[in-house]
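Text of start_18.csv (CSV, C-alpha atoms) as supplied:
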```
chain,number,residue,atom,x,y,z
A,1,VAL,CA,-72.6,-37.7,-13.8
A,2,ASP,CA,-74.3,-36.5,-17.0
A,3,ALA,CA,-73.5,-33.6,-19.3
A,4,GLY,CA,-76.8,-32.4,-20.9
A,5,THR,CA,-77.8,-29.5,-23.0
A,6,THR,CA,-81.0,-27.4,-23.1
A,7,GLN,CA,-82.1,-24.0,-24.0
A,8,GLN,CA,-84.9,-23.9,-21.4
A,9,ARG,CA,-84.7,-23.7,-17.6
A,10,ASN,CA,-85.6,-27.1,-16.3
A,11,ARG,CA,-86.6,-26.6,-12.7
A,12,ALA,CA,-88.2,-30.0,-12.5
A,13,MET,CA,-84.7,-31.4,-12.6
A,14,ASN,CA,-84.0,-30.0,-9.1
A,15,GLU,CA,-81.5,-27.4,-10.3
A,16,PHE,CA,-79.5,-26.0,-7.4
A,17,LEU,CA,-76.5,-24.2,-9.0
A,18,LEU,CA,-76.2,-21.4,-11.6
A,19,ILE,CA,-72.8,-20.3,-13.1
A,20,TYR,CA,-72.0,-17.3,-15.3
A,21,THR,CA,-68.8,-15.5,-15.9
A,22,ASP,CA,-66.9,-12.5,-17.2
A,23,PRO,CA,-69.7,-9.8,-17.2
A,24,HIS,CA,-67.0,-7.1,-17.1
A,25,HIS,CA,-69.2,-4.5,-15.4
A,26,GLY,CA,-67.9,-1.0,-16.2
A,27,LEU,CA,-66.8,-1.9,-19.7
A,28,ASP,CA,-65.8,1.2,-21.7
A,29,LEU,CA,-65.0,-0.2,-25.2
A,30,ARG,CA,-63.3,2.7,-27.0
A,31,ALA,CA,-62.4,1.0,-30.3
A,32,ASN,CA,-65.1,0.8,-33.0
A,33,THR,CA,-67.7,2.7,-31.0
A,34,THR,CA,-69.2,6.1,-30.3
A,35,PRO,CA,-69.8,7.4,-26.8
A,36,ALA,CA,-73.5,6.5,-27.1
A,37,SER,CA,-72.9,3.0,-28.5
A,38,ARG,CA,-70.4,2.0,-25.9
A,39,LYS,CA,-72.7,3.1,-23.2
A,40,ARG,CA,-75.5,1.0,-24.7
A,41,LEU,CA,-73.1,-2.0,-24.7
A,42,ASP,CA,-72.3,-1.5,-21.0
A,43,GLN,CA,-76.0,-1.1,-20.1
A,44,ALA,CA,-76.8,-4.3,-22.1
A,45,ILE,CA,-74.2,-6.2,-20.2
A,46,GLN,CA,-75.6,-4.9,-16.9
A,47,GLN,CA,-79.2,-5.9,-17.8
A,48,LYS,CA,-78.1,-9.3,-19.0
A,49,ALA,CA,-76.3,-10.1,-15.8
A,50,SER,CA,-79.2,-8.8,-13.8
A,51,ASP,CA,-81.6,-11.1,-15.7
A,52,ILE,CA,-79.3,-14.1,-15.2
A,53,VAL,CA,-79.0,-13.8,-11.4
A,54,SER,CA,-82.8,-13.6,-11.0
A,55,ASN,CA,-82.6,-17.2,-10.3
A,56,ASP,CA,-85.3,-18.1,-7.8
A,57,GLY,CA,-83.0,-19.3,-5.0
A,58,LEU,CA,-80.3,-21.1,-7.0
A,59,ILE,CA,-76.8,-20.9,-5.6
A,60,THR,CA,-75.2,-18.5,-8.0
A,61,VAL,CA,-71.5,-18.3,-9.0
A,62,CYS,CA,-69.6,-15.8,-11.1
A,63,ALA,CA,-66.4,-17.4,-12.3
A,64,GLY,CA,-64.4,-14.2,-12.5
A,65,ASP,CA,-64.0,-10.7,-14.0
A,66,PHE,CA,-67.1,-9.3,-12.4
A,67,TYR,CA,-65.6,-5.9,-13.2
A,68,HIS,CA,-63.7,-4.8,-16.3
A,69,ARG,CA,-61.2,-2.7,-14.3
A,70,PHE,CA,-59.4,-3.1,-11.0
A,71,SER,CA,-60.8,0.3,-9.8
A,72,ASN,CA,-64.2,1.6,-10.9
A,73,ASN,CA,-66.2,4.8,-10.5
A,74,GLU,CA,-69.1,5.0,-8.1
A,75,ASP,CA,-71.7,4.8,-10.8
A,76,VAL,CA,-70.3,1.4,-11.9
A,77,LEU,CA,-70.4,0.1,-8.4
A,78,VAL,CA,-74.0,1.3,-7.9
A,79,ALA,CA,-75.2,-0.1,-11.2
A,80,SER,CA,-73.8,-3.5,-10.5
A,81,ALA,CA,-74.5,-3.7,-6.8
A,82,GLU,CA,-77.8,-5.6,-7.0
A,83,THR,CA,-76.3,-8.3,-9.3
A,84,LEU,CA,-73.3,-8.7,-7.0
A,85,GLU,CA,-75.6,-9.0,-4.0
A,86,LYS,CA,-77.6,-11.8,-5.7
A,87,THR,CA,-74.4,-13.7,-6.6
A,88,ASP,CA,-73.4,-16.0,-3.8
A,89,PHE,CA,-69.8,-16.7,-4.9
A,90,VAL,CA,-67.5,-14.5,-7.0
A,91,LEU,CA,-64.0,-15.5,-8.1
A,92,GLY,CA,-61.5,-12.7,-8.3
A,93,GLY,CA,-60.5,-12.6,-12.0
A,94,ASN,CA,-57.4,-11.1,-13.6
A,95,HIS,CA,-59.4,-7.9,-14.4
A,96,ASP,CA,-60.5,-7.7,-10.7
A,97,VAL,CA,-57.1,-7.7,-9.1
A,98,MET,CA,-53.7,-6.1,-9.3
A,99,ASN,CA,-50.4,-7.5,-8.1
A,100,ASP,CA,-50.1,-4.7,-5.5
A,101,SER,CA,-51.0,-5.7,-1.9
A,102,GLU,CA,-51.1,-2.0,-0.9
A,103,ARG,CA,-54.1,-1.2,-3.1
A,104,MET,CA,-57.7,-2.3,-2.8
A,105,SER,CA,-59.7,-3.2,-5.8
A,106,SER,CA,-63.4,-2.5,-6.4
A,107,LEU,CA,-64.2,-6.1,-5.8
A,108,GLY,CA,-62.1,-6.1,-2.6
A,109,LEU,CA,-64.0,-3.0,-1.5
A,110,MET,CA,-67.4,-4.7,-2.0
A,111,LYS,CA,-66.2,-7.7,0.0
A,112,THR,CA,-65.1,-5.4,2.8
A,113,LEU,CA,-68.5,-3.8,2.8
A,114,THR,CA,-70.0,-7.3,3.0
A,115,LEU,CA,-72.3,-6.7,0.0
A,116,ALA,CA,-71.3,-10.2,-1.2
A,117,LYS,CA,-69.7,-12.3,1.5
A,118,GLY,CA,-68.7,-15.0,-1.0
A,119,ILE,CA,-66.1,-13.0,-2.9
A,120,ILE,CA,-63.0,-15.1,-3.1
A,121,MET,CA,-60.0,-12.8,-3.6
A,122,PRO,CA,-56.4,-13.7,-4.5
A,123,GLU,CA,-53.7,-13.1,-1.9
A,124,LEU,CA,-50.4,-11.9,-3.3
A,125,GLY,CA,-48.0,-14.8,-3.5
A,126,LYS,CA,-50.3,-17.2,-1.7
A,127,ALA,CA,-52.4,-20.2,-2.8
A,128,VAL,CA,-56.1,-19.5,-2.2
A,129,VAL,CA,-58.7,-22.3,-2.1
A,130,HIS,CA,-62.2,-21.9,-0.7
A,131,SER,CA,-64.7,-24.6,-0.3
A,132,HIS,CA,-68.4,-24.7,0.5
A,133,ARG,CA,-70.6,-27.8,1.0
A,134,VAL,CA,-74.2,-27.9,-0.1
A,135,HIS,CA,-76.9,-30.6,0.1
A,136,PRO,CA,-79.1,-30.5,-3.1
A,137,GLU,CA,-82.6,-31.9,-3.1
A,138,GLY,CA,-82.7,-35.3,-4.8
A,139,LEU,CA,-79.0,-36.2,-4.3
A,140,GLN,CA,-78.1,-38.6,-1.5
A,141,ALA,CA,-74.6,-37.2,-1.0
A,142,ALA,CA,-73.5,-33.6,-0.5
A,143,VAL,CA,-71.7,-31.5,-3.1
A,144,ASN,CA,-68.5,-29.8,-2.3
A,145,LEU,CA,-68.0,-26.6,-4.2
A,146,VAL,CA,-64.3,-25.6,-4.5
A,147,PHE,CA,-63.2,-22.1,-5.7
A,148,ILE,CA,-59.8,-21.1,-6.9
A,149,PRO,CA,-59.5,-17.4,-8.1
A,150,HIS,CA,-56.9,-15.9,-10.4
A,151,HIS,CA,-53.4,-16.0,-8.8
A,152,SER,CA,-50.5,-13.6,-8.9
A,153,THR,CA,-48.0,-16.3,-10.0
A,154,ARG,CA,-48.1,-19.7,-11.7
A,155,GLU,CA,-46.4,-21.2,-8.8
A,156,SER,CA,-49.1,-20.2,-6.3
A,157,PHE,CA,-51.8,-21.3,-8.8
A,158,ALA,CA,-50.2,-24.7,-9.1
A,159,GLU,CA,-50.0,-25.0,-5.4
A,160,ALA,CA,-53.7,-24.1,-5.1
A,161,LEU,CA,-54.6,-26.9,-7.7
A,162,THR,CA,-52.5,-29.4,-5.7
A,163,THR,CA,-54.2,-28.4,-2.5
A,164,ALA,CA,-57.7,-28.8,-4.0
A,165,TYR,CA,-56.8,-32.2,-5.5
A,166,THR,CA,-55.4,-33.5,-2.2
A,167,ALA,CA,-58.4,-32.3,-0.2
A,168,ALA,CA,-60.9,-33.9,-2.7
A,169,SER,CA,-58.9,-37.2,-2.9
A,170,GLU,CA,-58.8,-37.5,0.9
A,171,ASP,CA,-62.5,-36.9,1.3
A,172,LYS,CA,-63.9,-40.3,2.4
A,173,SER,CA,-67.5,-39.3,2.2
A,174,ASP,CA,-69.7,-39.9,-0.9
A,175,SER,CA,-69.7,-36.2,-1.7
A,176,ALA,CA,-69.5,-35.0,-5.3
A,177,HIS,CA,-66.9,-32.3,-6.0
A,178,ILE,CA,-67.1,-29.4,-8.4
A,179,LEU,CA,-64.1,-27.1,-9.1
A,180,PHE,CA,-64.4,-23.5,-10.2
A,181,LEU,CA,-61.3,-21.7,-11.8
A,182,HIS,CA,-60.5,-18.5,-13.6
A,183,CYS,CA,-57.7,-19.2,-16.1
A,184,ASN,CA,-56.8,-20.2,-19.6
A,185,TYR,CA,-57.4,-23.8,-20.6
A,186,ASP,CA,-54.8,-25.8,-22.5
A,187,CYS,CA,-53.4,-22.6,-24.0
A,188,PRO,CA,-49.8,-23.0,-25.2
A,189,MET,CA,-49.7,-19.2,-25.9
A,190,SER,CA,-49.8,-18.4,-22.2
A,191,GLU,CA,-46.2,-17.8,-21.3
A,192,LYS,CA,-46.3,-15.0,-18.8
A,193,ASP,CA,-46.0,-15.9,-15.1
A,194,THR,CA,-49.1,-13.8,-14.4
A,195,GLU,CA,-51.2,-15.8,-17.0
A,196,MET,CA,-52.7,-18.8,-15.4
A,197,ASN,CA,-53.2,-21.9,-17.5
A,198,LEU,CA,-54.7,-25.3,-16.8
A,199,ASP,CA,-53.2,-27.8,-19.3
A,200,HIS,CA,-54.9,-30.9,-20.5
A,201,GLY,CA,-52.8,-33.3,-18.4
A,202,MET,CA,-53.5,-31.5,-15.1
A,203,ALA,CA,-57.2,-31.3,-16.0
A,204,ALA,CA,-57.2,-35.1,-16.4
A,205,THR,CA,-55.6,-35.5,-13.0
A,206,LEU,CA,-58.1,-33.2,-11.3
A,207,LEU,CA,-61.0,-35.0,-12.9
A,208,GLU,CA,-59.9,-38.1,-11.2
A,209,VAL,CA,-61.4,-36.6,-8.0
A,210,PHE,CA,-63.7,-33.8,-9.3
A,211,ASP,CA,-67.0,-34.5,-11.0
A,212,PHE,CA,-66.9,-31.2,-13.0
A,213,ILE,CA,-64.6,-28.3,-13.6
A,214,PHE,CA,-66.0,-25.0,-14.6
A,215,ILE,CA,-63.7,-22.3,-16.0
A,216,GLY,CA,-64.1,-18.6,-16.5
A,217,HIS,CA,-61.7,-16.2,-18.3
A,218,ASP,CA,-61.9,-17.4,-22.0
A,219,HIS,CA,-64.9,-15.6,-23.5
A,220,ASN,CA,-65.5,-18.2,-26.1
A,221,PRO,CA,-67.2,-21.4,-24.8
A,222,LYS,CA,-66.0,-25.0,-25.2
A,223,GLU,CA,-66.1,-28.3,-23.5
A,224,ASP,CA,-63.7,-31.2,-23.0
A,225,PHE,CA,-63.6,-34.6,-21.3
A,226,ASP,CA,-67.2,-35.4,-22.6
A,227,GLY,CA,-68.6,-32.3,-21.0
A,228,ARG,CA,-67.0,-32.7,-17.6
A,229,LEU,CA,-64.7,-29.7,-18.2
A,230,VAL,CA,-66.6,-26.6,-19.2
A,231,VAL,CA,-65.1,-23.4,-20.4
A,232,ILE,CA,-68.3,-21.4,-19.8
A,233,GLY,CA,-67.5,-18.4,-22.0
A,234,SER,CA,-68.7,-14.8,-21.2
A,235,MET,CA,-72.4,-14.3,-20.8
A,236,HIS,CA,-72.3,-11.4,-23.3
A,237,PRO,CA,-69.8,-10.3,-25.9
A,238,THR,CA,-67.5,-7.4,-25.0
A,239,ASN,CA,-65.7,-6.8,-28.3
A,240,PHE,CA,-65.2,-8.2,-31.8
A,241,GLY,CA,-62.9,-11.0,-30.4
A,242,ASP,CA,-65.7,-12.8,-28.7
A,243,CYS,CA,-68.9,-11.9,-30.6
A,244,VAL,CA,-68.2,-14.8,-33.1
A,245,SER,CA,-69.6,-17.3,-30.6
A,246,SER,CA,-73.0,-17.5,-28.9
A,247,LYS,CA,-73.0,-16.8,-25.2
A,248,ARG,CA,-74.4,-18.8,-22.3
A,249,PHE,CA,-74.7,-19.5,-18.6
A,250,VAL,CA,-74.8,-22.9,-17.0
A,251,THR,CA,-77.0,-24.6,-14.5
A,252,VAL,CA,-76.4,-27.9,-12.5
A,253,GLY,CA,-79.1,-30.0,-11.1
A,254,VAL,CA,-80.0,-33.5,-10.1
A,255,ASN,CA,-81.8,-35.5,-12.8
A,256,ASP,CA,-84.4,-38.3,-12.4
A,257,SER,CA,-81.7,-40.9,-12.0
A,258,GLY,CA,-80.1,-39.1,-9.1
A,259,SER,CA,-77.0,-37.9,-11.0
A,260,LEU,CA,-75.6,-34.4,-11.4
A,261,GLN,CA,-76.5,-32.9,-14.8
A,262,VAL,CA,-75.2,-29.8,-16.5
A,263,ASN,CA,-77.5,-27.7,-18.7
A,264,TYR,CA,-76.5,-24.8,-21.0
A,265,HIS,CA,-78.7,-21.7,-21.5
A,266,GLU,CA,-78.1,-19.3,-24.3
A,267,SER,CA,-77.8,-15.7,-23.2
A,268,TRP,CA,-76.8,-14.1,-26.5
A,269,ASN,CA,-76.9,-15.4,-30.1
A,270,LYS,CA,-74.0,-15.0,-32.5
A,271,ASP,CA,-76.4,-14.1,-35.3
A,272,SER,CA,-76.4,-10.6,-33.8
A,273,PHE,CA,-72.9,-10.3,-35.3
A,274,ILE,CA,-72.4,-9.9,-39.1
A,275,HIS,CA,-69.3,-9.8,-41.3
A,276,VAL,CA,-69.8,-8.3,-44.8
A,277,GLU,CA,-67.8,-7.0,-47.7
A,278,PRO,CA,-68.1,-3.2,-48.6
A,279,GLY,CA,-70.3,-4.1,-51.6
A,280,ARG,CA,-72.8,-6.1,-49.5
A,281,VAL,CA,-73.6,-3.6,-46.7
A,282,ASP,CA,-77.3,-4.0,-47.7
A,283,MET,CA,-77.1,-7.4,-45.8
A,284,VAL,CA,-76.8,-5.5,-42.5
A,285,ASP,CA,-80.0,-5.2,-40.5
A,286,LYS,CA,-79.4,-2.4,-37.9
A,287,ASP,CA,-82.4,-3.6,-35.9
A,288,LYS,CA,-80.9,-7.1,-35.6
A,289,HIS,CA,-77.1,-6.8,-35.8
A,290,GLN,CA,-75.3,-5.4,-32.8
A,291,PHE,CA,-71.7,-6.0,-33.9
A,292,ILE,CA,-71.0,-5.2,-37.5
A,293,ARG,CA,-67.7,-5.8,-39.3
A,294,VAL,CA,-66.9,-4.7,-42.9
A,295,SER,CA,-63.8,-5.9,-44.6
A,296,GLY,CA,-62.5,-5.9,-48.2
A,297,LYS,CA,-61.4,-3.4,-50.9
A,298,VAL,CA,-62.6,0.1,-51.4
A,299,THR,CA,-61.5,3.1,-53.4
A,300,PRO,CA,-60.9,6.5,-51.8
A,301,ALA,CA,-64.0,7.8,-53.5
A,302,GLU,CA,-66.1,5.1,-51.8
A,303,VAL,CA,-65.0,6.0,-48.3
A,304,GLY,CA,-67.4,8.9,-47.8
A,305,ALA,CA,-70.5,6.8,-48.5
A,306,LEU,CA,-69.2,3.8,-46.4
A,307,THR,CA,-68.4,6.1,-43.4
A,308,LYS,CA,-71.9,7.7,-43.7
A,309,GLN,CA,-73.4,4.2,-43.6
A,310,MET,CA,-71.4,3.2,-40.5
A,311,LYS,CA,-72.5,6.5,-38.8
A,312,GLU,CA,-76.1,5.5,-39.5
A,313,TRP,CA,-75.6,2.1,-38.0
A,314,LEU,CA,-74.0,3.5,-34.9
A,315,GLU,CA,-77.0,5.8,-34.4
A,316,SER,CA,-79.3,2.8,-34.2
A,317,PRO,CA,-80.4,2.1,-30.6
A,318,THR,CA,-79.5,-1.6,-31.0
A,319,VAL,CA,-75.9,-1.4,-32.5
A,320,PHE,CA,-73.0,-1.6,-30.1
A,321,ALA,CA,-69.9,-1.5,-32.4
A,322,VAL,CA,-68.8,-1.2,-36.0
A,323,LYS,CA,-65.5,-2.3,-37.3
A,324,ALA,CA,-64.0,-1.9,-40.8
A,325,ASP,CA,-60.8,-3.6,-42.0
A,326,LEU,CA,-60.2,-2.3,-45.4
A,327,LYS,CA,-57.7,-2.4,-48.2
A,328,VAL,CA,-57.9,0.9,-50.0
A,329,VAL,CA,-57.0,0.8,-53.7
A,330,THR,CA,-57.2,3.3,-56.6
A,331,GLU,CA,-59.1,0.7,-58.6
A,332,VAL,CA,-60.8,-2.4,-57.3
A,333,SER,CA,-59.1,-4.8,-59.7
A,334,ASP,CA,-56.2,-7.2,-59.8
A,335,ASP,CA,-53.7,-4.6,-61.1
A,336,ASP,CA,-54.3,-2.0,-58.4
A,337,LYS,CA,-52.2,1.1,-59.0
A,338,PHE,CA,-51.4,1.2,-55.3
A,339,ASP,CA,-52.7,-0.4,-52.2
A,340,THR,CA,-52.1,-0.5,-48.4
A,341,ASN,CA,-49.5,-3.3,-48.4
A,342,SER,CA,-46.8,-1.0,-47.2
A,343,GLU,CA,-46.5,1.7,-44.6
A,344,SER,CA,-45.6,4.4,-47.1
A,345,GLU,CA,-48.6,3.6,-49.3
A,346,THR,CA,-50.8,3.4,-46.2
A,347,ALA,CA,-49.7,7.0,-45.3
A,348,ARG,CA,-50.3,8.2,-48.9
A,349,VAL,CA,-53.8,6.6,-49.1
A,350,THR,CA,-54.6,8.1,-45.7
A,351,ASP,CA,-53.8,11.6,-47.0
A,352,ILE,CA,-56.0,11.0,-50.1
A,353,ILE,CA,-58.9,9.8,-48.0
A,354,THR,CA,-58.5,12.7,-45.6
A,355,ARG,CA,-58.8,15.1,-48.6
A,356,GLU,CA,-61.8,13.2,-50.0
A,357,LEU,CA,-63.7,13.4,-46.7
A,358,GLN,CA,-62.8,17.0,-46.1
A,359,SER,CA,-64.3,17.9,-49.4
A,360,GLN,CA,-67.3,15.5,-49.3
A,361,ALA,CA,-68.3,15.2,-45.7
A,362,PRO,CA,-65.9,16.8,-43.1
A,363,GLU,CA,-68.2,15.8,-40.3
A,364,LEU,CA,-67.4,12.1,-41.0
A,365,LEU,CA,-63.6,12.5,-40.9
A,366,GLU,CA,-63.2,11.8,-37.2
A,367,LEU,CA,-65.6,8.9,-37.3
A,368,TRP,CA,-63.5,7.4,-40.2
A,369,LYS,CA,-60.4,7.7,-38.1
A,370,SER,CA,-61.9,6.0,-35.1
A,371,LEU,CA,-63.6,3.1,-36.9
A,372,ILE,CA,-61.4,2.2,-39.9
A,373,SER,CA,-58.2,0.2,-39.9
A,374,LEU,CA,-56.1,-0.2,-43.1
A,375,GLU,CA,-54.0,-3.2,-43.8
A,376,ASN,CA,-50.5,-2.8,-42.3
A,377,GLY,CA,-51.5,0.6,-40.8
A,378,ASN,CA,-54.2,2.7,-39.2
A,379,ALA,CA,-56.0,5.6,-40.7
```

Could I get this file's structure written as structure tokens?
Amino acid sequence: VDAGTTQQRNRAMNEFLLIYTDPHHGLDLRANTTPASRKRLDQAIQQKASDIVSNDGLITVCAGDFYHRFSNNEDVLVASAETLEKTDFVLGGNHDVMNDSERMSSLGLMKTLTLAKGIIMPELGKAVVHSHRVHPEGLQAAVNLVFIPHHSTRESFAEALTTAYTAASEDKSDSAHILFLHCNYDCPMSEKDTEMNLDHGMAATLLEVFDFIFIGHDHNPKEDFDGRLVVIGSMHPTNFGDCVSSKRFVTVGVNDSGSLQVNYHESWNKDSFIHVEPGRVDMVDKDKHQFIRVSGKVTPAEVGALTKQMKEWLESPTVFAVKADLKVVTEVSDDDKFDTNSESETARVTDIITRELQSQAPELLELWKSLISLENGNA
């Protein structure tokens, strides 16, 4: 078993498996966007997913959150239908399901319509484990693909992990075993019963019998256990929380030595995100940067020009979102007369800015309110 890296598709390696995750079709990012820019973001995600699944016959897996919402409008279902049809296995993620057995999700509907027969949905209160055996060219043994979707409780998730471990450990063939999950990995902050978490110890136990573990849910990629555990990361950023890391999808193949090998393929580069101070907005390239964050100190008099600049960025056909985290002061100095370190001062500054914009550029006032956040308060 080898864990390799590459930026190019290496079909000579006998690739047989492609894995992507968290496309969040139907994303409608309201914060830090305009209606036009949020539509561009959703369309970019749709196009990226479509490009990834054009895979020339590879077994294709989505490790969860195919949709952003439990229930989606018809236009979302139509726009994503071809990508779903080209994806052989889809894990039901936490965004795809709801803990209500009486309601059908969009992903469940698509399974019922048999658009994608390999959709693995959770069942309320039950452990769900699905397996599929494949025979890759160049590998003497078969490969057993094991899928565990998001679960409604930690108890049922733990039961599913135990079931998968037991089945793999009792397999007396020479088969390789690959596990797919949709959960947090080694995350001590996950305390709710509806938040699934694979801790490091359980991962070590599973890797006694599994060759690789691939995990969806966390949008920022990482690896552990010398690359045998892979948190794939989303294939495209969905907000400012995940645009700080480059995005990827993963392929698995059989190398020249007859071993399984993992390769990583970049699908979005983090250089398309930029973080600048208000005085350095000239560093922003609206033809390159898709996510733009501005943070630092400004005076009320500077707000109009800054908001106008953000409006210009958002009108660019390549920009998805603009975020400003600002500390508004009467003077940009160490002895500020007032700042936004308290709720009362935040309210007073907001009133001053509102008056400034109403006199300078009233058409920018609503944009300011939608894009700007002040320290310890929101404008």

Please list as a ChimeraX atom specification every residue within 8 Å of Gly26 of chain A, counting only C-alpha atoms and excluding residues in the same chain fewer than 5 positions away.
/A:42,67-69,72,76

With only C-alpha atoms counted and 7 Å as the cut-off, give the residues of segment 116-213 of chain A in contact with segment 79-91 of chain A, each with its shortest interatomic distance in Å and the pair that gives it, as a tab-separated table.
```
residue	atom	partner	partner_atom	distance
A:Ala116	CA	A:Glu85	CA	5.3
A:Gly118	CA	A:Phe89	CA	4.4
A:Ile119	CA	A:Val90	CA	4.6
A:Ile120	CA	A:Leu91	CA	5.1
A:Met121	CA	A:Leu91	CA	6.6
A:Pro149	CA	A:Leu91	CA	4.9
```

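Taking all atoms listed in the file, the non-local environment of Ser71 of chain A within 12 Å (same-chain residues fewer than 3 positions away omitted) comprises His25, Gly26, Leu27, Phe66, Tyr67, His68, Glu74, Asp75, Val76, Leu77, His95, Asp96, Val97, Met98, Arg103, Met104, Ser105, Ser106, Leu107, Gly108, Leu109 and Met110 of chain A.
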
Go ahead and write the selection's residues with C-alpha atoms as a compact mmCIF listing (two decimals), keeping the file's coordinate frame.
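See out_13.txt below for the written result:
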```txt
# COMPACT_ATOMS: atom_id res chain seq x y z
CA HIS A 25 -69.20 -4.50 -15.40
CA GLY A 26 -67.90 -1.00 -16.20
CA LEU A 27 -66.80 -1.90 -19.70
CA PHE A 66 -67.10 -9.30 -12.40
CA TYR A 67 -65.60 -5.90 -13.20
CA HIS A 68 -63.70 -4.80 -16.30
CA GLU A 74 -69.10 5.00 -8.10
CA ASP A 75 -71.70 4.80 -10.80
CA VAL A 76 -70.30 1.40 -11.90
CA LEU A 77 -70.40 0.10 -8.40
CA HIS A 95 -59.40 -7.90 -14.40
CA ASP A 96 -60.50 -7.70 -10.70
CA VAL A 97 -57.10 -7.70 -9.10
CA MET A 98 -53.70 -6.10 -9.30
CA ARG A 103 -54.10 -1.20 -3.10
CA MET A 104 -57.70 -2.30 -2.80
CA SER A 105 -59.70 -3.20 -5.80
CA SER A 106 -63.40 -2.50 -6.40
CA LEU A 107 -64.20 -6.10 -5.80
CA GLY A 108 -62.10 -6.10 -2.60
CA LEU A 109 -64.00 -3.00 -1.50
CA MET A 110 -67.40 -4.70 -2.00
```

Selection: 6 Å around segment 216-233 of chain A, all atoms listed in the file, excl. self and same-chain fewer than 6 positions, as an NGL selection string:
:A and (3 or 21 or 63-64 or 182-183 or 242)

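Nearest to Thr299 of chain A of all the residues A:Val262, A:Asp28, A:Gly279, A:Ala141 is A:Gly279, based on all atoms listed in the file.
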
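If you look at atom CA of His150 of chain A and atom CA of Pro237 of chain A, they are 20.9 Å away from each other.
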
So that I can check the surroundings of Ser316 of chain A, please list as number ranges by chain every protein, DNA and RNA residue that reaches within 8 Å of it, counting only C-alpha atoms and ignoring chain neighbours fewer than 4 positions away.
A: 286-287, 312

Give one line per residue of segment 272-322 of chain A that approaches segment 245-260 of chain A to at most 12 Å, naming the two atoms of the closest pair and their distance in Å to one decimal, counting only C-alpha atoms; sort by chain then ascending residue number and deliver it as a Markdown table.
```
| residue | atom | partner | partner_atom | distance |
| --- | --- | --- | --- | --- |
| A:Ser272 | CA | A:Ser246 | CA | 9.1 |
| A:Phe273 | CA | A:Ser245 | CA | 9.1 |
| A:Ile274 | CA | A:Ser245 | CA | 11.6 |
| A:Phe291 | CA | A:Ser245 | CA | 12.0 |
```
